[in-house]
file structure_29.txt (compact mmCIF, N, CA and C atoms)
# COMPACT_ATOMS: atom_id res chain seq x y z
N MET A 1244 98.29 84.35 91.54
CA MET A 1244 99.09 85.20 92.39
C MET A 1244 100.48 84.61 92.46
N TYR A 1245 101.44 85.50 92.60
CA TYR A 1245 102.83 85.08 92.75
C TYR A 1245 103.33 85.53 94.12
N ALA A 1246 103.49 84.56 95.01
CA ALA A 1246 103.96 84.86 96.36
C ALA A 1246 105.45 85.20 96.33
N LYS A 1247 105.84 86.14 97.17
CA LYS A 1247 107.26 86.46 97.31
C LYS A 1247 107.97 85.23 97.89
N PRO A 1248 109.27 85.13 97.64
CA PRO A 1248 110.02 84.01 98.22
C PRO A 1248 109.80 83.93 99.73
N GLY A 1249 109.53 82.72 100.20
CA GLY A 1249 109.31 82.49 101.62
C GLY A 1249 107.90 82.80 102.11
N GLN A 1250 107.04 83.29 101.22
CA GLN A 1250 105.68 83.68 101.63
C GLN A 1250 104.58 82.75 101.10
N TYR A 1251 104.97 81.73 100.36
CA TYR A 1251 103.98 80.83 99.73
C TYR A 1251 103.01 80.26 100.75
N ASP A 1252 103.52 79.68 101.83
CA ASP A 1252 102.64 79.04 102.82
C ASP A 1252 101.66 80.03 103.45
N ALA A 1253 102.13 81.24 103.73
CA ALA A 1253 101.26 82.24 104.35
C ALA A 1253 100.16 82.67 103.38
N VAL A 1254 100.53 82.89 102.12
CA VAL A 1254 99.52 83.29 101.12
C VAL A 1254 98.54 82.16 100.88
N MET A 1255 99.05 80.94 100.76
CA MET A 1255 98.18 79.79 100.53
C MET A 1255 97.19 79.62 101.69
N ALA A 1256 97.66 79.70 102.91
CA ALA A 1256 96.77 79.56 104.06
C ALA A 1256 95.70 80.65 104.07
N ALA A 1257 96.09 81.87 103.75
CA ALA A 1257 95.12 82.97 103.71
C ALA A 1257 94.10 82.75 102.60
N TYR A 1258 94.56 82.25 101.46
CA TYR A 1258 93.65 82.04 100.33
C TYR A 1258 92.66 80.91 100.63
N VAL A 1259 93.13 79.83 101.21
CA VAL A 1259 92.24 78.72 101.55
C VAL A 1259 91.19 79.18 102.56
N ASP A 1260 91.62 79.93 103.56
CA ASP A 1260 90.68 80.47 104.55
C ASP A 1260 89.65 81.37 103.88
N PHE A 1261 90.13 82.27 103.01
CA PHE A 1261 89.21 83.15 102.28
C PHE A 1261 88.23 82.34 101.43
N ALA A 1262 88.73 81.36 100.69
CA ALA A 1262 87.87 80.58 99.80
C ALA A 1262 86.78 79.85 100.58
N ASP A 1263 87.14 79.28 101.72
CA ASP A 1263 86.14 78.60 102.55
C ASP A 1263 85.08 79.58 103.06
N ARG A 1264 85.51 80.70 103.60
CA ARG A 1264 84.56 81.69 104.12
C ARG A 1264 83.69 82.24 103.00
N PHE A 1265 84.30 82.51 101.85
CA PHE A 1265 83.55 83.04 100.72
C PHE A 1265 82.51 82.03 100.25
N GLY A 1266 82.90 80.77 100.12
CA GLY A 1266 81.96 79.74 99.68
C GLY A 1266 80.80 79.55 100.63
N GLU A 1267 81.07 79.64 101.93
CA GLU A 1267 80.01 79.49 102.92
C GLU A 1267 79.02 80.64 102.89
N ARG A 1268 79.48 81.83 102.58
CA ARG A 1268 78.62 83.02 102.62
C ARG A 1268 77.95 83.35 101.30
N ASN A 1269 78.29 82.63 100.24
CA ASN A 1269 77.73 82.93 98.92
C ASN A 1269 77.01 81.72 98.37
N PRO A 1270 75.68 81.72 98.49
CA PRO A 1270 74.91 80.55 98.07
C PRO A 1270 75.00 80.25 96.57
N THR A 1271 75.39 81.22 95.76
CA THR A 1271 75.48 80.98 94.32
C THR A 1271 76.82 80.36 93.93
N GLU A 1272 77.75 80.30 94.85
CA GLU A 1272 79.07 79.74 94.56
C GLU A 1272 79.02 78.23 94.72
N ASP A 1273 79.19 77.51 93.63
CA ASP A 1273 79.09 76.06 93.65
C ASP A 1273 80.44 75.36 93.75
N LEU A 1274 81.48 76.01 93.24
CA LEU A 1274 82.78 75.35 93.19
C LEU A 1274 83.89 76.39 93.30
N ILE A 1275 84.80 76.16 94.22
CA ILE A 1275 85.97 77.00 94.36
C ILE A 1275 87.18 76.06 94.42
N LEU A 1276 88.12 76.29 93.54
CA LEU A 1276 89.35 75.50 93.51
C LEU A 1276 90.51 76.42 93.83
N VAL A 1277 91.42 75.95 94.66
CA VAL A 1277 92.66 76.68 94.92
C VAL A 1277 93.79 75.74 94.57
N THR A 1278 94.66 76.18 93.66
CA THR A 1278 95.78 75.36 93.24
C THR A 1278 97.07 76.12 93.52
N GLY A 1279 98.16 75.39 93.63
CA GLY A 1279 99.42 76.07 93.88
C GLY A 1279 100.62 75.25 93.47
N ASP A 1280 101.71 75.96 93.27
CA ASP A 1280 102.99 75.35 92.96
C ASP A 1280 104.04 75.99 93.87
N PRO A 1281 104.38 75.32 94.96
CA PRO A 1281 105.32 75.89 95.92
C PRO A 1281 106.68 76.24 95.31
N ALA A 1282 107.11 75.48 94.31
CA ALA A 1282 108.42 75.72 93.72
C ALA A 1282 108.50 77.08 93.02
N THR A 1283 107.39 77.53 92.44
CA THR A 1283 107.39 78.81 91.73
C THR A 1283 106.66 79.90 92.51
N GLY A 1284 105.94 79.53 93.58
CA GLY A 1284 105.19 80.50 94.36
C GLY A 1284 103.86 80.90 93.74
N VAL A 1285 103.43 80.17 92.71
CA VAL A 1285 102.18 80.49 92.02
C VAL A 1285 100.99 79.88 92.76
N ILE A 1286 99.99 80.70 93.02
CA ILE A 1286 98.74 80.26 93.65
C ILE A 1286 97.60 80.78 92.78
N ARG A 1287 96.69 79.89 92.45
CA ARG A 1287 95.56 80.25 91.62
C ARG A 1287 94.27 79.89 92.33
N GLY A 1288 93.31 80.78 92.25
CA GLY A 1288 91.96 80.51 92.73
C GLY A 1288 91.05 80.45 91.54
N ILE A 1289 90.24 79.41 91.47
CA ILE A 1289 89.33 79.24 90.34
C ILE A 1289 87.92 79.12 90.89
N GLY A 1290 87.07 80.03 90.48
CA GLY A 1290 85.66 79.98 90.84
C GLY A 1290 84.85 79.75 89.59
N VAL A 1291 83.83 78.94 89.69
CA VAL A 1291 82.96 78.66 88.55
C VAL A 1291 81.65 79.41 88.78
N PHE A 1292 81.31 80.27 87.82
CA PHE A 1292 80.14 81.12 87.94
C PHE A 1292 79.20 80.88 86.79
N LEU A 1293 77.91 81.17 87.01
CA LEU A 1293 76.91 81.00 85.97
C LEU A 1293 76.95 82.11 84.93
N SER A 1294 77.44 83.29 85.32
CA SER A 1294 77.44 84.41 84.39
C SER A 1294 78.65 85.31 84.63
N ASP A 1295 78.96 86.10 83.62
CA ASP A 1295 80.06 87.07 83.75
C ASP A 1295 79.75 88.09 84.83
N ASP A 1296 78.49 88.52 84.92
CA ASP A 1296 78.11 89.50 85.93
C ASP A 1296 78.34 88.96 87.34
N GLU A 1297 78.00 87.71 87.55
CA GLU A 1297 78.19 87.10 88.86
C GLU A 1297 79.69 87.07 89.21
N ALA A 1298 80.52 86.75 88.25
CA ALA A 1298 81.97 86.73 88.48
C ALA A 1298 82.50 88.13 88.77
N LEU A 1299 82.01 89.11 88.07
CA LEU A 1299 82.46 90.49 88.31
C LEU A 1299 82.04 90.98 89.68
N ASP A 1300 80.87 90.56 90.14
CA ASP A 1300 80.41 90.95 91.47
C ASP A 1300 81.38 90.46 92.56
N VAL A 1301 81.97 89.30 92.35
CA VAL A 1301 82.89 88.74 93.33
C VAL A 1301 84.13 89.61 93.47
N VAL A 1302 84.66 90.07 92.36
CA VAL A 1302 85.90 90.85 92.38
C VAL A 1302 85.73 92.15 93.15
N SER A 1303 84.55 92.73 93.09
CA SER A 1303 84.32 93.99 93.79
C SER A 1303 83.73 93.79 95.19
N ALA A 1304 83.44 92.55 95.56
CA ALA A 1304 82.87 92.28 96.89
C ALA A 1304 83.88 92.66 97.96
N GLY A 1305 83.37 93.26 99.03
CA GLY A 1305 84.23 93.71 100.12
C GLY A 1305 85.12 92.61 100.67
N MET A 1306 84.59 91.40 100.78
CA MET A 1306 85.35 90.29 101.32
C MET A 1306 86.56 89.97 100.44
N PHE A 1307 86.38 90.03 99.13
CA PHE A 1307 87.48 89.76 98.20
C PHE A 1307 88.52 90.88 98.25
N VAL A 1308 88.05 92.10 98.29
CA VAL A 1308 88.95 93.25 98.37
C VAL A 1308 89.77 93.18 99.66
N ASP A 1309 89.11 92.84 100.76
CA ASP A 1309 89.82 92.72 102.04
C ASP A 1309 90.89 91.63 101.98
N PHE A 1310 90.55 90.49 101.37
CA PHE A 1310 91.53 89.42 101.24
C PHE A 1310 92.72 89.88 100.42
N ARG A 1311 92.44 90.45 99.27
CA ARG A 1311 93.52 90.90 98.37
C ARG A 1311 94.42 91.91 99.07
N ASP A 1312 93.83 92.82 99.81
CA ASP A 1312 94.62 93.81 100.55
C ASP A 1312 95.46 93.15 101.65
N SER A 1313 94.92 92.10 102.27
CA SER A 1313 95.63 91.45 103.39
C SER A 1313 96.88 90.71 102.94
N VAL A 1314 96.94 90.28 101.68
CA VAL A 1314 98.12 89.55 101.20
C VAL A 1314 98.98 90.38 100.25
N ALA A 1315 98.60 91.60 100.00
CA ALA A 1315 99.31 92.42 99.00
C ALA A 1315 100.81 92.51 99.26
N ASP A 1316 101.23 92.66 100.50
CA ASP A 1316 102.66 92.79 100.81
C ASP A 1316 103.41 91.47 100.69
N LEU A 1317 102.68 90.37 100.55
CA LEU A 1317 103.30 89.05 100.43
C LEU A 1317 103.44 88.60 98.98
N LEU A 1318 102.96 89.45 98.05
CA LEU A 1318 102.94 89.09 96.64
C LEU A 1318 103.98 89.88 95.84
N ILE A 1319 104.44 89.26 94.77
CA ILE A 1319 105.40 89.92 93.89
C ILE A 1319 104.73 91.04 93.10
N GLU A 1320 103.49 90.81 92.69
CA GLU A 1320 102.74 91.80 91.91
C GLU A 1320 101.26 91.71 92.24
N ILE A 1321 100.54 92.72 91.86
CA ILE A 1321 99.09 92.75 92.09
C ILE A 1321 98.44 91.66 91.23
N PRO A 1322 97.60 90.81 91.83
CA PRO A 1322 96.95 89.76 91.04
C PRO A 1322 95.99 90.36 90.01
N VAL A 1323 95.92 89.70 88.88
CA VAL A 1323 95.04 90.13 87.80
C VAL A 1323 94.00 89.04 87.57
N ARG A 1324 92.75 89.43 87.51
CA ARG A 1324 91.66 88.49 87.26
C ARG A 1324 91.64 88.13 85.78
N VAL A 1325 91.44 86.85 85.50
CA VAL A 1325 91.40 86.36 84.13
C VAL A 1325 90.10 85.58 83.95
N ASP A 1326 89.37 85.87 82.88
CA ASP A 1326 88.17 85.10 82.55
C ASP A 1326 88.55 83.95 81.63
N LEU A 1327 88.08 82.78 81.98
CA LEU A 1327 88.30 81.60 81.14
C LEU A 1327 86.96 80.95 80.88
N ASP A 1328 86.82 80.33 79.73
CA ASP A 1328 85.61 79.56 79.41
C ASP A 1328 85.76 78.15 79.97
N LEU A 1329 84.75 77.68 80.66
CA LEU A 1329 84.73 76.31 81.12
C LEU A 1329 84.35 75.45 79.93
N VAL A 1330 85.25 74.60 79.50
CA VAL A 1330 85.05 73.80 78.31
C VAL A 1330 84.57 72.40 78.63
N HIS A 1331 85.08 71.85 79.70
CA HIS A 1331 84.73 70.45 80.01
C HIS A 1331 84.95 70.18 81.50
N VAL A 1332 84.06 69.41 82.08
CA VAL A 1332 84.22 68.94 83.44
C VAL A 1332 83.88 67.46 83.46
N PHE A 1333 84.75 66.66 84.04
CA PHE A 1333 84.45 65.26 84.27
C PHE A 1333 84.51 65.03 85.77
N VAL A 1334 83.44 64.53 86.33
CA VAL A 1334 83.39 64.24 87.76
C VAL A 1334 82.95 62.79 87.90
N LYS A 1335 83.68 62.06 88.67
CA LYS A 1335 83.34 60.64 88.83
C LYS A 1335 82.73 60.41 90.18
call {"tool": "encode", "arguments": {"input": "structure_29.txt", "output": "structure tokens"}}
result
Amino acid sequence: MYAKPGQYDAVMAAYVDFADRFGERNPTEDLILVTGDPATGVIRGIGVFLSDDEALDVVSAGMFVDFRDSVADLLIEIPVRVDLDLVHVFVK
């Protein structure tokens, strides 16, 4: 997501709140990462799912739609979901 100038903190706070609530309510969600770059206004949410279907279910979930709608006026453009392959994880 690309926050409008001056809206980064508000979007980030809303996203972190959403991610926590979503993770608590979805037993299949094992990992949610939220990253950001205040200088550019870029905020990314990364969820790790077992299947493509599980990931697609999240995008259409009411909670996700409500979150996206709540920050829409604070964003430069409508966020687009991107599928990526998890290639490697190192956890110490």
call {"tool": "select_by_dssp", "arguments": {"input": "structure_29.txt", "residues": "chain A", "states": "strand (DSSP E or B)", "output": "ChimeraX atom specification"}}
result
/A:1245-1246,1274-1280,1285-1291,1318
call {"tool": "atom_distance", "arguments": {"input": "structure_29.txt", "atom1": "atom CA of Asp1295 of chain A", "atom2": "atom N of Gly1266 of chain A"}}
result
17.8 Å
call {"tool": "atom_distance", "arguments": {"input": "structure_29.txt", "atom1": "atom CA of Asp1263 of chain A", "atom2": "atom N of Ile1275 of chain A"}}
result
8.8 Å
call {"tool": "closest_residue", "arguments": {"input": "structure_29.txt", "among": "A:Ala1298, A:Phe1310, A:Leu1317, A:Val1277", "to": "Gly1249 of chain A", "atoms": "all atoms listed in the file"}}
result
A:Leu1317
call {"tool": "residues_around", "arguments": {"input": "structure_29.txt", "residues": "segment 1303-1309 of chain A", "least_positions_apart": "5", "cutoff": "8 Å", "atoms": "all atoms listed in the file", "output": "NGL selection string"}}
result
:A and (1261 or 1265 or 1298 or 1314-1315)
call {"tool": "atom_distance", "arguments": {"input": "structure_29.txt", "atom1": "atom C of Gly1288 of chain A", "atom2": "atom N of Met1244 of chain A"}}
result
8.2 Å
call {"tool": "residues_around", "arguments": {"input": "structure_29.txt", "residues": "Leu1299 of chain A", "least_positions_apart": "6", "cutoff": "10 Å", "atoms": "only C-alpha atoms", "output": "list in words"}}
result
Phe1292, Arg1324 and Asp1326 of chain A
call {"tool": "closest_residue", "arguments": {"input": "structure_29.txt", "among": "A:Arg1311, A:Pro1270, A:Gly1284, A:Leu1327", "to": "Gln1250 of chain A", "atoms": "all atoms listed in the file"}}
result
A:Gly1284
call {"tool": "closest_residue", "arguments": {"input": "structure_29.txt", "among": "A:Ala1256, A:Ile1321, A:Ala1246, A:Leu1329", "to": "Thr1283 of chain A", "atoms": "all atoms listed in the file"}}
result
A:Ala1246
call {"tool": "closest_residue", "arguments": {"input": "structure_29.txt", "among": "A:Ala1262, A:Val1323, A:Ile1286, A:Val1291", "to": "Leu1274 of chain A", "atoms": "only N, CA and C atoms"}}
result
A:Val1291
